[in-house]
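Asks: First the structure, then my questions, so here it is.
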Amino acid sequence: MSQDIPPQEQNRKWFRSHLLSRELELQELYDLPQGELDLVIPQSRVLVHL
């Protein structure tokens, strides 16, 4: 299956959360506790709309 994914999409992607004071691998978003996720979602929305 990894052959179907373009090489640029196989790299790990990181998100710097100033509210959580740490960097997260985007895959980690699936495992965050709800309280942390509630902080990250609005912050990521701001970054997408910049």
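Labels for the structure tokens follow display order: chains A, B, ..., residues from 1 in each chain, ligands from 1.
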Find the residues around Glu36 of chain A up to 8 Å (only C-alpha atoms counted), leave out those fewer than 4 positions away in its own chain, and share them as a PyMOL selection string.
Replies: chain A and resi 20+32+40
Asks: Env of Leu29 of chain A: 12 Å cut, atoms = only C-alpha atoms, seq-sep filter 3 positions within chain, self excluded. Answer as a ChimeraX atom specification.
Replies: /A:13-17,23-26,32-41,44
Asks: So that I can check the secondary structure, give me every residue of segment 12-49 of chain A assigned strand (DSSP E or B) by backbone DSSP, as a ChimeraX atom specification.
Replies: /A:14-17,22-25
Asks: Pull all heavy atoms from the residues just selected and write them as a short mmCIF file (atom, residue, chain, number, x, y, z; two decimals), in the first residue's frame.
Replies:
data_model
loop_
_atom_site.label_atom_id
_atom_site.label_comp_id
_atom_site.auth_asym_id
_atom_site.auth_seq_id
_atom_site.Cartn_x
_atom_site.Cartn_y
_atom_site.Cartn_z
N TRP A 14 4.73 17.31 11.22
CA TRP A 14 4.71 17.78 12.59
C TRP A 14 3.90 19.05 12.70
O TRP A 14 3.83 19.85 11.77
CB TRP A 14 6.14 18.03 13.08
CG TRP A 14 6.94 16.79 13.10
CD1 TRP A 14 7.68 16.28 12.07
CD2 TRP A 14 7.06 15.87 14.16
NE1 TRP A 14 8.27 15.11 12.44
CE2 TRP A 14 7.90 14.83 13.73
CE3 TRP A 14 6.55 15.81 15.46
CZ2 TRP A 14 8.23 13.75 14.54
CZ3 TRP A 14 6.90 14.74 16.25
CH2 TRP A 14 7.72 13.72 15.80
N PHE A 15 3.30 19.22 13.85
CA PHE A 15 2.50 20.39 14.15
C PHE A 15 2.99 20.94 15.48
O PHE A 15 3.08 20.21 16.46
CB PHE A 15 1.02 19.98 14.25
CG PHE A 15 0.11 21.05 14.74
CD1 PHE A 15 -0.25 22.09 13.91
CD2 PHE A 15 -0.39 21.02 16.03
CE1 PHE A 15 -1.10 23.08 14.36
CE2 PHE A 15 -1.23 22.00 16.49
CZ PHE A 15 -1.60 23.04 15.65
N ARG A 16 3.35 22.21 15.53
CA ARG A 16 3.81 22.85 16.76
C ARG A 16 2.62 23.50 17.44
O ARG A 16 2.01 24.42 16.90
CB ARG A 16 4.88 23.89 16.44
CG ARG A 16 5.31 24.71 17.63
CD ARG A 16 6.18 23.90 18.54
NE ARG A 16 6.57 24.74 19.67
CZ ARG A 16 6.84 24.26 20.87
NH1 ARG A 16 6.81 22.98 21.08
NH2 ARG A 16 7.17 25.06 21.84
N SER A 17 2.27 22.98 18.60
CA SER A 17 1.16 23.55 19.37
C SER A 17 1.72 24.42 20.47
O SER A 17 2.39 23.95 21.39
CB SER A 17 0.30 22.44 19.98
OG SER A 17 -0.63 23.00 20.87
N ARG A 22 4.32 21.91 22.92
CA ARG A 22 5.10 20.80 22.36
C ARG A 22 4.76 20.60 20.88
O ARG A 22 3.81 21.16 20.37
CB ARG A 22 4.88 19.51 23.14
CG ARG A 22 3.51 18.90 23.01
CD ARG A 22 3.45 17.60 23.81
NE ARG A 22 2.35 16.79 23.45
CZ ARG A 22 1.23 16.68 24.16
NH1 ARG A 22 1.06 17.39 25.24
NH2 ARG A 22 0.27 15.89 23.75
N GLU A 23 5.58 19.78 20.23
CA GLU A 23 5.32 19.41 18.85
C GLU A 23 4.61 18.06 18.84
O GLU A 23 4.88 17.20 19.67
CB GLU A 23 6.62 19.30 18.06
CG GLU A 23 7.27 20.64 17.80
CD GLU A 23 8.51 20.53 16.94
OE1 GLU A 23 8.98 19.41 16.66
OE2 GLU A 23 9.03 21.58 16.55
N LEU A 24 3.71 17.91 17.90
CA LEU A 24 2.97 16.67 17.74
C LEU A 24 3.16 16.17 16.32
O LEU A 24 3.14 16.95 15.38
CB LEU A 24 1.47 16.90 17.93
CG LEU A 24 1.01 17.43 19.27
CD1 LEU A 24 -0.41 17.95 19.15
CD2 LEU A 24 1.08 16.34 20.30
N GLU A 25 3.33 14.88 16.18
CA GLU A 25 3.25 14.29 14.85
C GLU A 25 1.77 14.26 14.51
O GLU A 25 0.92 13.99 15.37
CB GLU A 25 3.84 12.88 14.84
CG GLU A 25 3.92 12.31 13.45
CD GLU A 25 4.60 10.96 13.40
OE1 GLU A 25 5.13 10.50 14.42
OE2 GLU A 25 4.59 10.37 12.32
#
